[in-house]
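Undergrad: This structure is in structure tokens; I'll ask about it shortly.
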Amino acid sequence: MKQAYPRWLYLPAAIGALFLLLPLVTILVRTPWPHFWELISTPESRDALKLSLETCLITTVVCAVIGTPLAVVLGHMPNTWWARAIRTLFTLPMMLPPVVAGLALLMTWGRNGMIGHSLSIMGIEIGFTTLAVIMAQSFVAMPFLVTSLEGAIRSRGYAYERAAAALGASKTRIFFQVSLPMMLPALVSGIAMSFSRALGEFGATITFAGSLQGVTRTMPLAIYLQRESRTEEALALAVVLIVLAILVMLAANTLAARLPGGNLEKANDQANHFREPAAEEPLPSSLPTVPKKNRALGLGPQINVDASVDVRDVHLKVRLPAGNLTAVMGPNGAGKSTLLGLIAGTIEPDRGGVTFSDFGEKTPRIVILQQKPLLFPHMNALKNVTFGLRAAGVHRGVAAQRALAELAEVGCRDFADRRPDQLSGGQAQRVAIARAMAVTPDVVLLDEPMAGLDESSADQVRALLRRRLASSGATAVLVTHDPVDAEELADSTVLIRYGKVAG
Ligand SMILES: Nc1ncnc2c1ncn2[C@@H]1O[C@H](COP(=O)(O)OP(=O)(O)OP(=O)(O)O)[C@@H](O)[C@H]1O
């Protein structure tokens, strides 16, 4: 269908567009263009322009530095009524009449305010200073950044962070190297929105900071003062304000769309649906450089599961032999993914649990390979594979060498410089295998990694897994619906039905 909406919608849409644009066009028409530079060069206009730019820049930095951590904390809250209530609280300054916001600030930070009174005794005055302008702007602008960022964080989910944690990265490393770069597009938009909001701030500023030329009189305040007696000057300043806001939003949107991960959906989509090149890419037959576990000495652990998850009606009791690949099969909803979640530790059992035996006191390193490769979209293939090694403290140069060897092993050495959205689905899955195996895991959980790939890519990935898992000695669990996977890869098969092991 060319057009997914009825034609009559054009009429109200046109009325809406006219209503929004007409006043702006009127300002442009009424502006005395021949005297434009003169009008914005008067001392009062220059002071207002300079003060607005300075305070808005500082406000934007404040919003980014304080607002980003706040958005991260809010974004990670559970989806419960009280968490929604708390999130709503932080959007309030967006909805409040600005004059009420100014009054609230005055009552808190002004000379006779709750905190301002004590500060005043110490000789610190905030009300009616440039600092008050920055505080008023930050108060009304920060929620724009917080809500846009927090929404983006929640809608993206935490799959990439979980993948990074499984590779052994610390929470701080995950925050700086995965979460923050992936939230950059939303952060850039949020920063632009808060800058524009700060630029237009009027009510809270005049209530809390007053209107002193060069100290607190920003552009909106100057425009308000000049609007009757010096309308031409006010119009010229208004044009500057509008153009600045448009430029900032345009630049931010362009930048956000160009940042890696700015179009995450597209990246994932491409990784899932891009077809493998027609020509077969043969996998290398020798495995010369990757350190291997000695199968006799370095087997993964035996996994003993005896756990119940009541809400899912899943009660599993099974023993998965050390160093073997066990296929787990069963109908939809049987409890296969729940078994993987229990082993990975992402699902808490109500009773019982998972233990690892034949493994000494060590905690096994568990990696997961899923249908979605979950490669970090802002890193190229090499950086993706290096990530886990660097997290384990391997020196940069050595990590790069080992990562290149891993990539060579999965036949992706030539794609080391490509980002995930420049890889086919099969290539992305192979890089994900290289990334997982680079950290020499003790347990490899495979949640239908071949699903979603075309036949020839699936064959390649299957062959690769067979070889790679055999040489690693890791204990592997493969959830699959495909009997071919079980037949070609598994040492044994477990059948799950209605939440119980059936054989
Ligand atoms: N988040 C959840 N909360 C409550 N119940 C869940 C949740 N996720 C899954 N379930 C239920 O738990 C049971 C087991 O689901 P699970 O995802 O483990 O099945 P599965 O065998 O992996 O299915 P599929 O082959 O469709 O992926 C199902 O009855 C499902 O409806």
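Residues are referred to by chain and number: the chain letter is A, B, ... according to the order shown in the structure tokens, the number counts from 1 in that chain, and ligands are numbered separately from 1 in the order shown.
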Taking only C-alpha atoms and all ligand atoms into account, report as a PyMOL selection string which residues have an atom no farther than 7 Å from an atom of ligand 1.
TA: chain A and resi 311-314+330-339+499
Undergrad: Could you list, with a cut-off of 8 Å and counting only C-alpha atoms, the residues of segment 71-108 of chain A near segment 144-161 of chain A, each shown with its nearest atom pair and the distance in Å rounded to one decimal, rows sorted by chain and ascending number, as CSV?
TA:
```
residue,atom,partner,partner_atom,distance
A:Ala71,CA,A:Glu150,CA,4.7
A:Val72,CA,A:Glu150,CA,6.3
A:Leu74,CA,A:Glu150,CA,6.4
A:Gly75,CA,A:Glu150,CA,4.7
A:His76,CA,A:Arg154,CA,7.1
A:Thr91,CA,A:Thr147,CA,7.0
A:Met94,CA,A:Phe144,CA,7.2
```
Undergrad: Find the residues around Pro420 of chain A up to 6 Å (only C-alpha atoms counted), leave out those fewer than 2 positions away in its own chain, and share them as a list in words.
TA: Pro377, Gln422 and Leu423 of chain A
Undergrad: Mind checking which residues fall within 10 Å of Gln429 of chain A, counting only C-alpha atoms, ignoring those fewer than 6 positions away in the same chain, and posting them as an MDAnalysis selection string?
TA: chainID A and resid 271:272 369:375 410 420 423 435 449:450 453 457:458 461
Undergrad: Convert the current residue selection to file output with C-alpha atoms, as a PDB file, in the first residue's frame.
TA:
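This went into selection26.pdb:
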```pdb
ATOM      1  CA  ALA A 271      22.508  -8.499  10.671  1.00  0.00           C
ATOM      2  CA  ASN A 272      19.455 -10.747  10.708  1.00  0.00           C
ATOM      3  CA  LEU A 369      25.299 -17.535  21.809  1.00  0.00           C
ATOM      4  CA  GLN A 370      21.778 -16.685  20.698  1.00  0.00           C
ATOM      5  CA  GLN A 371      19.852 -16.252  17.485  1.00  0.00           C
ATOM      6  CA  LYS A 372      20.779 -12.558  17.581  1.00  0.00           C
ATOM      7  CA  PRO A 373      24.562 -12.262  17.513  1.00  0.00           C
ATOM      8  CA  LEU A 374      24.398  -9.165  19.791  1.00  0.00           C
ATOM      9  CA  LEU A 375      27.686  -7.779  18.488  1.00  0.00           C
ATOM     10  CA  VAL A 410      35.860 -18.549  11.910  1.00  0.00           C
ATOM     11  CA  PRO A 420      28.237  -5.392  12.639  1.00  0.00           C
ATOM     12  CA  LEU A 423      28.279  -8.045   8.063  1.00  0.00           C
ATOM     13  CA  ARG A 435      34.080 -13.366  20.471  1.00  0.00           C
ATOM     14  CA  PRO A 449      22.200 -19.808  17.074  1.00  0.00           C
ATOM     15  CA  MET A 450      21.424 -21.227  13.621  1.00  0.00           C
ATOM     16  CA  LEU A 453      20.177 -18.077   8.998  1.00  0.00           C
ATOM     17  CA  SER A 457      25.150 -20.047   6.513  1.00  0.00           C
ATOM     18  CA  ALA A 458      23.558 -22.399   9.050  1.00  0.00           C
ATOM     19  CA  VAL A 461      28.002 -22.032  11.579  1.00  0.00           C
TER      20      VAL A 461
END
```
Undergrad: Among the residues of segment 120-291 of chain A, find those DSSP assigns to alpha helix (DSSP H) from the backbone and print them as a VMD selection string.
TA: chain A and resid 120 to 121 130 to 156 159 to 166 171 to 174 180 to 199 203 to 208 219 to 226 231 to 258 264 to 273
Undergrad: Within 6 Å of segment 212-220 of chain A, counting only C-alpha atoms, which residues qualify if same-chain residues fewer than 4 places away don't, as a ChimeraX atom specification?
TA: /A:47-49,51-52,130,202
Undergrad: Just to be explicit: take each residue in the selection above, keep N, CA and C atoms, and write the result as a compact mmCIF listing (two decimals), in the first residue's frame.
TA:
```
# COMPACT_ATOMS: atom_id res chain seq x y z
N ASP A 47 24.61 41.89 24.98
CA ASP A 47 24.70 41.33 26.34
C ASP A 47 23.78 40.12 26.50
N ALA A 48 22.56 40.29 25.99
CA ALA A 48 21.57 39.21 26.14
C ALA A 48 22.01 37.96 25.38
N LEU A 49 22.53 38.19 24.16
CA LEU A 49 22.97 37.08 23.32
C LEU A 49 24.13 36.34 23.99
N LEU A 51 25.01 36.37 27.19
CA LEU A 51 24.60 35.71 28.44
C LEU A 51 23.82 34.43 28.13
N SER A 52 22.93 34.50 27.14
CA SER A 52 22.14 33.31 26.79
C SER A 52 23.05 32.17 26.35
N THR A 130 23.81 35.22 38.03
CA THR A 130 23.89 34.40 36.81
C THR A 130 23.74 32.92 37.16
N PHE A 202 12.10 31.35 30.17
CA PHE A 202 11.71 32.72 30.52
C PHE A 202 11.15 32.81 31.95
```
Undergrad: Closest to Arg197 of chain A among A:Gln177, A:Thr59, A:Ser471, A:Thr80, using only C-alpha atoms?
TA: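 Under the stated criterion, the closest residue is A:Thr59.
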Undergrad: Could you check which of A:Leu382, A:Val367, A:Val99, A:Ile433 is closest to Arg419 of chain A, using only C-alpha atoms?
TA: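 Once distances to Arg419 of chain A are computed over only C-alpha atoms, the minimum belongs to A:Leu382.
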Undergrad: What separation in Å, quoted to one decimal, exists between atom CA of Trp37 of chain A and atom CA of Ala236 of chain A?
TA: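 Atom CA of Ala236 of chain A lies 8.4 Å from atom CA of Trp37 of chain A.
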Undergrad: Would you mind listing what lies within 8 Å of Leu255 of chain A as an mmCIF file with N, CA and C atoms, in the first residue's frame, with only C-alpha atoms counted and same-chain residues fewer than 3 positions away left out?
TA:
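Now in around_4.cif:
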```cif
data_model
loop_
_atom_site.group_PDB
_atom_site.id
_atom_site.type_symbol
_atom_site.label_atom_id
_atom_site.label_comp_id
_atom_site.auth_asym_id
_atom_site.auth_seq_id
_atom_site.Cartn_x
_atom_site.Cartn_y
_atom_site.Cartn_z
ATOM 1 N N PRO A 185 23.395 8.265 20.636
ATOM 2 C CA PRO A 185 22.408 8.947 19.789
ATOM 3 C C PRO A 185 21.300 9.605 20.606
ATOM 4 N N VAL A 188 22.725 12.624 22.472
ATOM 5 C CA VAL A 188 22.892 13.810 21.614
ATOM 6 C C VAL A 188 21.543 14.514 21.419
ATOM 7 N N ALA A 251 21.446 19.831 13.741
ATOM 8 C CA ALA A 251 22.788 19.258 13.884
ATOM 9 C C ALA A 251 22.722 18.010 14.751
ATOM 10 N N ALA A 252 21.953 18.088 15.833
ATOM 11 C CA ALA A 252 21.881 16.946 16.754
ATOM 12 C C ALA A 252 21.227 15.753 16.085
ATOM 13 N N ARG A 258 23.821 9.498 12.480
ATOM 14 C CA ARG A 258 25.072 8.986 11.908
ATOM 15 C C ARG A 258 25.897 8.188 12.894
ATOM 16 N N LEU A 259 25.638 8.366 14.173
ATOM 17 C CA LEU A 259 26.429 7.650 15.171
ATOM 18 C C LEU A 259 26.157 6.163 15.056
#
```
Undergrad: Work out how far apart atom CA of Phe376 of chain A and atom CA of Pro181 of chain A are and give it in Å to one decimal.
TA: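 A separation of 9.5 Å between them.
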Undergrad: Could you tell me how far atom CA of Leu407 of chain A lies from atom CA of Gln460 of chain A, in Å and to one decimal?
TA: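 Calculated distance between atom CA of Leu407 of chain A and atom CA of Gln460 of chain A is 14.2 Å.
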Undergrad: Considering only C-alpha atoms, return as a PyMOL selection string whatever protein or nucleic-acid residues lie within 12 Å of Leu199 of chain A, sequence-local ones (same chain, fewer than 5 positions apart) excluded.
TA: chain A and resi 48-60+133-134+136-138+140-141+192-194+205+217-221+238+240-246+248
Undergrad: Go ahead and save the residues from that selection, with N, CA and C atoms, as a tab-separated table (two decimals), in the first residue's frame.
TA:
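Result saved to selection.tsv:
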```
chain	number	residue	atom	x	y	z
A	48	ALA	N	22.56	40.29	25.99
A	48	ALA	CA	21.57	39.21	26.14
A	48	ALA	C	22.01	37.96	25.38
A	49	LEU	N	22.53	38.19	24.16
A	49	LEU	CA	22.97	37.08	23.32
A	49	LEU	C	24.13	36.34	23.99
A	50	LYS	N	25.10	37.13	24.47
A	50	LYS	CA	26.29	36.54	25.11
A	50	LYS	C	25.87	35.76	26.36
A	51	LEU	N	25.01	36.37	27.19
A	51	LEU	CA	24.60	35.71	28.44
A	51	LEU	C	23.82	34.43	28.13
A	52	SER	N	22.93	34.50	27.14
A	52	SER	CA	22.14	33.31	26.79
A	52	SER	C	23.05	32.17	26.35
A	53	LEU	N	24.00	32.48	25.46
A	53	LEU	CA	24.87	31.42	24.96
A	53	LEU	C	25.71	30.82	26.08
A	54	GLU	N	26.28	31.70	26.92
A	54	GLU	CA	27.12	31.20	28.02
A	54	GLU	C	26.32	30.32	28.97
A	55	THR	N	25.17	30.84	29.44
A	55	THR	CA	24.40	30.09	30.44
A	55	THR	C	23.85	28.80	29.84
A	56	CYS	N	23.43	28.86	28.57
A	56	CYS	CA	22.86	27.64	27.97
A	56	CYS	C	23.93	26.57	27.80
A	57	LEU	N	25.15	26.98	27.45
A	57	LEU	CA	26.21	25.98	27.31
A	57	LEU	C	26.51	25.33	28.66
A	58	ILE	N	26.61	26.17	29.71
A	58	ILE	CA	26.89	25.60	31.04
A	58	ILE	C	25.73	24.70	31.47
A	59	THR	N	24.49	25.18	31.24
A	59	THR	CA	23.31	24.38	31.59
A	59	THR	C	23.35	23.03	30.90
A	60	THR	N	23.71	23.03	29.61
A	60	THR	CA	23.73	21.78	28.86
A	60	THR	C	24.75	20.81	29.45
A	133	VAL	N	20.27	31.95	36.99
A	133	VAL	CA	19.81	31.73	35.60
A	133	VAL	C	20.12	30.28	35.20
A	134	ILE	N	21.35	29.85	35.49
A	134	ILE	CA	21.76	28.48	35.11
A	134	ILE	C	20.90	27.45	35.85
A	136	ALA	N	17.83	27.88	37.03
A	136	ALA	CA	16.46	27.91	36.48
A	136	ALA	C	16.41	27.15	35.16
A	137	GLN	N	17.41	27.40	34.30
A	137	GLN	CA	17.45	26.71	33.00
A	137	GLN	C	17.62	25.21	33.20
A	138	SER	N	18.52	24.82	34.12
A	138	SER	CA	18.76	23.39	34.34
A	138	SER	C	17.51	22.70	34.87
A	140	VAL	N	14.35	23.34	34.39
A	140	VAL	CA	13.30	23.06	33.39
A	140	VAL	C	13.82	22.24	32.20
A	141	ALA	N	15.15	22.31	31.95
A	141	ALA	CA	15.67	21.63	30.75
A	141	ALA	C	16.09	20.20	31.00
A	192	ALA	N	20.51	18.25	22.81
A	192	ALA	CA	20.00	19.31	21.94
A	192	ALA	C	18.67	19.84	22.46
A	193	MET	N	17.81	18.91	22.93
A	193	MET	CA	16.51	19.35	23.44
A	193	MET	C	16.68	20.21	24.67
A	194	SER	N	17.58	19.80	25.57
A	194	SER	CA	17.74	20.59	26.79
A	194	SER	C	18.39	21.94	26.47
A	205	THR	N	13.26	31.87	35.02
A	205	THR	CA	14.40	32.77	35.11
A	205	THR	C	13.99	34.12	35.69
A	217	ARG	N	19.69	38.96	32.40
A	217	ARG	CA	18.73	39.19	31.31
A	217	ARG	C	19.14	38.43	30.05
A	218	THR	N	18.58	37.24	29.93
A	218	THR	CA	18.87	36.40	28.75
A	218	THR	C	18.02	36.89	27.57
A	219	MET	N	18.19	36.25	26.41
A	219	MET	CA	17.48	36.71	25.20
A	219	MET	C	15.96	36.74	25.35
A	220	PRO	N	15.34	35.67	25.90
A	220	PRO	CA	13.87	35.74	26.02
A	220	PRO	C	13.43	36.92	26.89
A	221	LEU	N	14.20	37.22	27.94
A	221	LEU	CA	13.83	38.34	28.82
A	221	LEU	C	14.00	39.68	28.08
A	238	ALA	N	14.47	37.67	18.29
A	238	ALA	CA	13.63	36.46	18.19
A	238	ALA	C	14.10	35.58	17.04
A	240	VAL	N	17.12	35.38	15.87
A	240	VAL	CA	18.36	34.72	16.29
A	240	VAL	C	18.04	33.49	17.15
A	241	LEU	N	17.10	33.68	18.06
A	241	LEU	CA	16.70	32.60	18.96
A	241	LEU	C	16.15	31.40	18.18
A	242	ILE	N	15.26	31.70	17.24
A	242	ILE	CA	14.63	30.63	16.45
A	242	ILE	C	15.69	29.89	15.62
A	243	VAL	N	16.56	30.67	14.94
A	243	VAL	CA	17.56	30.05	14.07
A	243	VAL	C	18.51	29.18	14.89
A	244	LEU	N	18.92	29.71	16.06
A	244	LEU	CA	19.83	28.93	16.92
A	244	LEU	C	19.19	27.59	17.31
A	245	ALA	N	17.93	27.65	17.74
A	245	ALA	CA	17.23	26.43	18.18
A	245	ALA	C	17.11	25.44	17.02
A	246	ILE	N	16.77	25.95	15.83
A	246	ILE	CA	16.62	25.06	14.67
A	246	ILE	C	17.97	24.42	14.32
A	248	VAL	N	20.60	23.89	16.20
A	248	VAL	CA	21.04	22.91	17.21
A	248	VAL	C	20.28	21.59	17.04
```
Undergrad: Among segment 360-461 of chain A, which ones does DSSP place in strand (DSSP E), written as a list in words?
TA: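 The residues of segment 360-461 of chain A classed as strand (DSSP E) are Ile366, Val367, Ile368, Leu369, Gln370, Val443, Val444, Leu445, Leu446 and Asp447 of chain A.
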Undergrad: Write the residues you've just listed into a file as a short mmCIF file (atom, residue, chain, number, x, y, z; two decimals), in the first residue's frame, and include C-alpha atoms for each of them.
TA:
```cif
data_model
loop_
_atom_site.label_atom_id
_atom_site.label_comp_id
_atom_site.auth_asym_id
_atom_site.auth_seq_id
_atom_site.Cartn_x
_atom_site.Cartn_y
_atom_site.Cartn_z
CA ILE A 366 29.67 -19.08 30.94
CA VAL A 367 29.06 -17.52 27.51
CA ILE A 368 25.81 -17.47 25.55
CA LEU A 369 25.30 -17.54 21.81
CA GLN A 370 21.78 -16.69 20.70
CA VAL A 443 30.38 -23.49 29.53
CA VAL A 444 28.85 -22.46 26.19
CA LEU A 445 25.08 -22.00 26.07
CA LEU A 446 23.64 -22.01 22.57
CA ASP A 447 20.08 -20.73 22.19
#
```
